[in-house]
Amino acid sequence: MQELVLIQPGRTIEINTARGIAQSRLQREFESRLEECGPLAFRVAQGVLRNAADAEEVAQDALLRAYQKFDRLQDRTRFRSWLVRITFRLALDRWRSTKRRERRETEWAAPDLSQGSLSTEQLVASNAFREQLEKALEELPEKFRLVLILAAIHGYTLEEVASMLAVPLGTVKSRLFLGRKALAEKLR
Amino acid sequence: MNCKEFRRTITDLLANSAAALPPLAAAHQQSCASCCEYYASETKLFSSISTELQSIVNAPIPPSLVPAVRTQLENVNAPSLVWATRWSFAIVAVIAVLLVSFAHTSFRAPFIATTTQTAESVPALSLSSGPASSPQPKKAHHPPGTKRELSTLSTSHADQVIVLPEERRAFAEFVAQIPQENQTAIALTHPAPALPDIPIEIASLNIDDLQWKPLDGTATQEQPKSTR
């Protein structure tokens, strides 16, 4: 015997209402994380790009992408780690495209950043130190770079960095050690 | 501890953010002036690295960051709606594919049936004289620009010919005119008589003597020729 189903006219409205409620709940949950994670995303982007305007754009983009896929994140406790990765990837993409553009534009006049004749003290004293550091930072492997950036952010311990990256604390420490050592070798 | 070991130890210690020197290194530092200087410069280098990194990363947060994101959240599609849109698009695409395949199948079926029926009706219109024979597939004349479709002869159904509608109409007109032109019909519908293969012998023609005789009232000066 065939079963008859009664289709209620108000059913669609109910579904839409439920969807709207779920969406607003999702948005509220996301916005509650925005206060803490917005600055984090900005600082990660700033660590890669070293330009506040670009970093802000990248952070906004990363936050919007995270929001669009927020419902797919089953373990919400890993939101920070997820956001850091999205931001880092987007910042690296932006940095690469910026570098390509700069290389095209200033191909004829390569900036002279090599100041090998200066000693370490002179380098520290001079304004060129920051440029040297940024150049050395760019040459580091990405995993060292990300750990150095995250460890330099105020307010985050190494344990929190480890939880953000979903790696053991020892891995964070070793990456930090190797990253700092590599930086010092490049700057020496 | 020599200077090389001391410098390696110092670098590792500073890279590891360790504060205190081990006793052996501390003793060497007090005894060696160059290593003492090296230690000071390395300490300065590592602290500068940390300071610069922190100054880069801990730049002031733009006040417009969070409000701008909040504003954009309103305009961005909600996650659930995005997925709903994607699913609805997928469902519509599947339905469209099914409709197209169904329409294609339903178009082909009556077309083949009509063609088969036409092919079977041809013997009924055949001539009274001579035995009825199955019609030979007629090579259709295609008007220029007409795309020939579905006119392939199926290998599994060798007696079926799939032709275009205009070809079918032309063929029907042709069949209708057959009884009026009896000889043409016979020539077209009857197979050509099978001739036995007769070997042909080619031999040279020899004419030994050729005589030319003038016709009455005409005189010629031609001399006899021999043709080989």
# chains A, B, ... in the order shown; residues from 1 in each chain; ligands from 1
$ residues_around --residues "stretch 169-179 of chain A" --least-positions-apart "4" --cutoff "9 Å" --atoms "only C-alpha atoms" --output "compact mmCIF listing (two decimals) with C-alpha atoms, in the first residue's frame"
# COMPACT_ATOMS: atom_id res chain seq x y z
CA LEU A 137 64.06 35.31 7.22
CA LEU A 140 64.51 30.21 5.83
CA PRO A 141 62.43 27.08 5.31
CA LYS A 143 58.37 25.57 8.91
CA PHE A 144 61.19 27.42 10.71
CA ARG A 145 59.81 30.73 9.61
CA VAL A 147 57.66 28.90 14.30
CA LEU A 148 59.87 31.98 14.60
CA ALA A 151 57.10 32.42 18.98
CA LEU A 158 55.77 27.68 23.18
CA GLU A 159 53.14 25.20 24.36
CA GLU A 160 50.46 27.28 22.67
CA VAL A 161 52.56 27.49 19.54
CA ALA A 162 52.88 23.73 19.59
CA SER A 163 49.13 23.33 19.94
CA LEU A 165 50.80 23.89 14.81
CA LEU A 183 69.37 33.41 11.04
CA ALA A 184 72.49 34.17 13.06
CA ASP B 12 73.99 26.75 20.60
CA LEU B 14 72.08 31.58 22.54
CA ALA B 15 70.07 29.93 19.78
CA ASN B 16 68.38 27.92 22.48
CA SER B 17 67.66 31.08 24.47
$ closest_atom_pairs --of "chain A" --to "chain B" --cutoff "8 Å" --atoms "only C-alpha atoms" --output "JSON lines"
{"residue": "A:Arg19", "atom": "CA", "partner": "B:Ser80", "partner_atom": "CA", "distance": 7.6}
{"residue": "A:Gln23", "atom": "CA", "partner": "B:Ala78", "partner_atom": "CA", "distance": 6.4}
{"residue": "A:Gln27", "atom": "CA", "partner": "B:Leu73", "partner_atom": "CA", "distance": 7.9}
{"residue": "A:Glu31", "atom": "CA", "partner": "B:Arg70", "partner_atom": "CA", "distance": 7.5}
{"residue": "A:Leu34", "atom": "CA", "partner": "B:Val66", "partner_atom": "CA", "distance": 6.9}
{"residue": "A:Glu35", "atom": "CA", "partner": "B:Val66", "partner_atom": "CA", "distance": 7.0}
{"residue": "A:Gly38", "atom": "CA", "partner": "B:Val66", "partner_atom": "CA", "distance": 6.4}
{"residue": "A:Pro39", "atom": "CA", "partner": "B:Ile61", "partner_atom": "CA", "distance": 6.3}
{"residue": "A:Phe42", "atom": "CA", "partner": "B:Ile61", "partner_atom": "CA", "distance": 7.2}
{"residue": "A:Arg43", "atom": "CA", "partner": "B:Val57", "partner_atom": "CA", "distance": 5.3}
{"residue": "A:Val44", "atom": "CA", "partner": "B:Val57", "partner_atom": "CA", "distance": 7.0}
{"residue": "A:Gln46", "atom": "CA", "partner": "B:Val57", "partner_atom": "CA", "distance": 5.8}
{"residue": "A:Gly47", "atom": "CA", "partner": "B:Val57", "partner_atom": "CA", "distance": 4.8}
{"residue": "A:Arg50", "atom": "CA", "partner": "B:Ile56", "partner_atom": "CA", "distance": 6.4}
{"residue": "A:Ala52", "atom": "CA", "partner": "B:Ala59", "partner_atom": "CA", "distance": 7.7}
{"residue": "A:Glu56", "atom": "CA", "partner": "B:Leu65", "partner_atom": "CA", "distance": 6.5}
{"residue": "A:Gln60", "atom": "CA", "partner": "B:Val69", "partner_atom": "CA", "distance": 5.9}
{"residue": "A:Leu63", "atom": "CA", "partner": "B:Val69", "partner_atom": "CA", "distance": 7.2}
{"residue": "A:Leu64", "atom": "CA", "partner": "B:Leu73", "partner_atom": "CA", "distance": 6.9}
{"residue": "A:Tyr67", "atom": "CA", "partner": "B:Pro79", "partner_atom": "CA", "distance": 7.3}
{"residue": "A:Gln68", "atom": "CA", "partner": "B:Pro79", "partner_atom": "CA", "distance": 4.9}
{"residue": "A:Lys69", "atom": "CA", "partner": "B:Pro79", "partner_atom": "CA", "distance": 6.0}
{"residue": "A:Phe70", "atom": "CA", "partner": "B:Pro79", "partner_atom": "CA", "distance": 6.9}
{"residue": "A:Asp71", "atom": "CA", "partner": "B:Pro79", "partner_atom": "CA", "distance": 6.3}
{"residue": "A:Thr120", "atom": "CA", "partner": "B:Ser41", "partner_atom": "CA", "distance": 6.8}
{"residue": "A:Glu121", "atom": "CA", "partner": "B:Ser41", "partner_atom": "CA", "distance": 6.7}
{"residue": "A:Val124", "atom": "CA", "partner": "B:Ser48", "partner_atom": "CA", "distance": 6.9}
{"residue": "A:Arg130", "atom": "CA", "partner": "B:Glu52", "partner_atom": "CA", "distance": 6.8}
{"residue": "A:Leu133", "atom": "CA", "partner": "B:Ile49", "partner_atom": "CA", "distance": 7.3}
{"residue": "A:Leu148", "atom": "CA", "partner": "B:Leu53", "partner_atom": "CA", "distance": 7.9}
{"residue": "A:Ile149", "atom": "CA", "partner": "B:Val57", "partner_atom": "CA", "distance": 6.6}
{"residue": "A:Ala152", "atom": "CA", "partner": "B:Gln54", "partner_atom": "CA", "distance": 5.0}
{"residue": "A:Ile153", "atom": "CA", "partner": "B:Asn58", "partner_atom": "CA", "distance": 6.0}
{"residue": "A:His154", "atom": "CA", "partner": "B:Asn58", "partner_atom": "CA", "distance": 6.9}
{"residue": "A:Lys173", "atom": "CA", "partner": "B:Asn16", "partner_atom": "CA", "distance": 7.9}
{"residue": "A:Leu176", "atom": "CA", "partner": "B:Asn16", "partner_atom": "CA", "distance": 7.7}
{"residue": "A:Phe177", "atom": "CA", "partner": "B:Ala15", "partner_atom": "CA", "distance": 5.2}
{"residue": "A:Leu178", "atom": "CA", "partner": "B:Ala15", "partner_atom": "CA", "distance": 7.4}
{"residue": "A:Arg180", "atom": "CA", "partner": "B:Ala15", "partner_atom": "CA", "distance": 5.4}
{"residue": "A:Lys181", "atom": "CA", "partner": "B:Ala15", "partner_atom": "CA", "distance": 5.4}
{"residue": "A:Leu183", "atom": "CA", "partner": "B:Ile49", "partner_atom": "CA", "distance": 7.9}
{"residue": "A:Ala184", "atom": "CA", "partner": "B:Phe46", "partner_atom": "CA", "distance": 6.9}
$ residues_around --residues "A:Arg85" --least-positions-apart "5" --cutoff "9 Å" --atoms "only C-alpha atoms" --output "PDB file with N, CA and C atoms, in the first residue's frame"
ATOM      1  N   ARG A  80      42.256  27.979  15.906  1.00  0.00           N
ATOM      2  CA  ARG A  80      43.423  28.862  15.816  1.00  0.00           C
ATOM      3  C   ARG A  80      44.485  28.282  14.883  1.00  0.00           C
ATOM      4  N   LEU A  90      48.206  32.125   2.686  1.00  0.00           N
ATOM      5  CA  LEU A  90      47.798  33.300   1.912  1.00  0.00           C
ATOM      6  C   LEU A  90      48.879  34.376   1.926  1.00  0.00           C
ATOM      7  N   MET A 164      49.014  25.173  18.360  1.00  0.00           N
ATOM      8  CA  MET A 164      48.567  25.832  17.126  1.00  0.00           C
ATOM      9  C   MET A 164      49.018  25.068  15.898  1.00  0.00           C
ATOM     10  N   LEU A 165      50.251  24.591  15.967  1.00  0.00           N
ATOM     11  CA  LEU A 165      50.802  23.894  14.809  1.00  0.00           C
ATOM     12  C   LEU A 165      50.517  22.398  14.849  1.00  0.00           C
TER      13      LEU A 165
END
$ closest_residue --among "A:Tyr156, A:Lys186, A:Phe30, A:Ala128" --to "A:Leu73" --atoms "only C-alpha atoms"
A:Phe30
$ residues_around --residues "stretch 21-34 of chain B" --least-positions-apart "5" --cutoff "10 Å" --atoms "only C-alpha atoms" --output "PDB file with C-alpha atoms, in the first residue's frame"
ATOM      1  CA  MET B   1      87.713  23.890  26.320  1.00  0.00           C
ATOM      2  CA  ASN B   2      89.307  25.562  23.343  1.00  0.00           C
ATOM      3  CA  CYS B   3      88.034  28.617  21.477  1.00  0.00           C
ATOM      4  CA  GLU B   5      84.372  24.530  21.202  1.00  0.00           C
ATOM      5  CA  PHE B   6      83.521  27.617  23.208  1.00  0.00           C
ATOM      6  CA  ARG B   7      82.126  29.433  20.188  1.00  0.00           C
ATOM      7  CA  THR B   9      78.707  26.114  22.660  1.00  0.00           C
ATOM      8  CA  ILE B  10      77.922  29.806  22.843  1.00  0.00           C
ATOM      9  CA  LEU B  13      73.218  28.275  23.977  1.00  0.00           C
ATOM     10  CA  LEU B  14      72.081  31.580  22.542  1.00  0.00           C
ATOM     11  CA  TYR B  39      80.387  36.170  23.372  1.00  0.00           C
ATOM     12  CA  ALA B  40      79.343  39.799  23.708  1.00  0.00           C
TER      13      ALA B  40
END
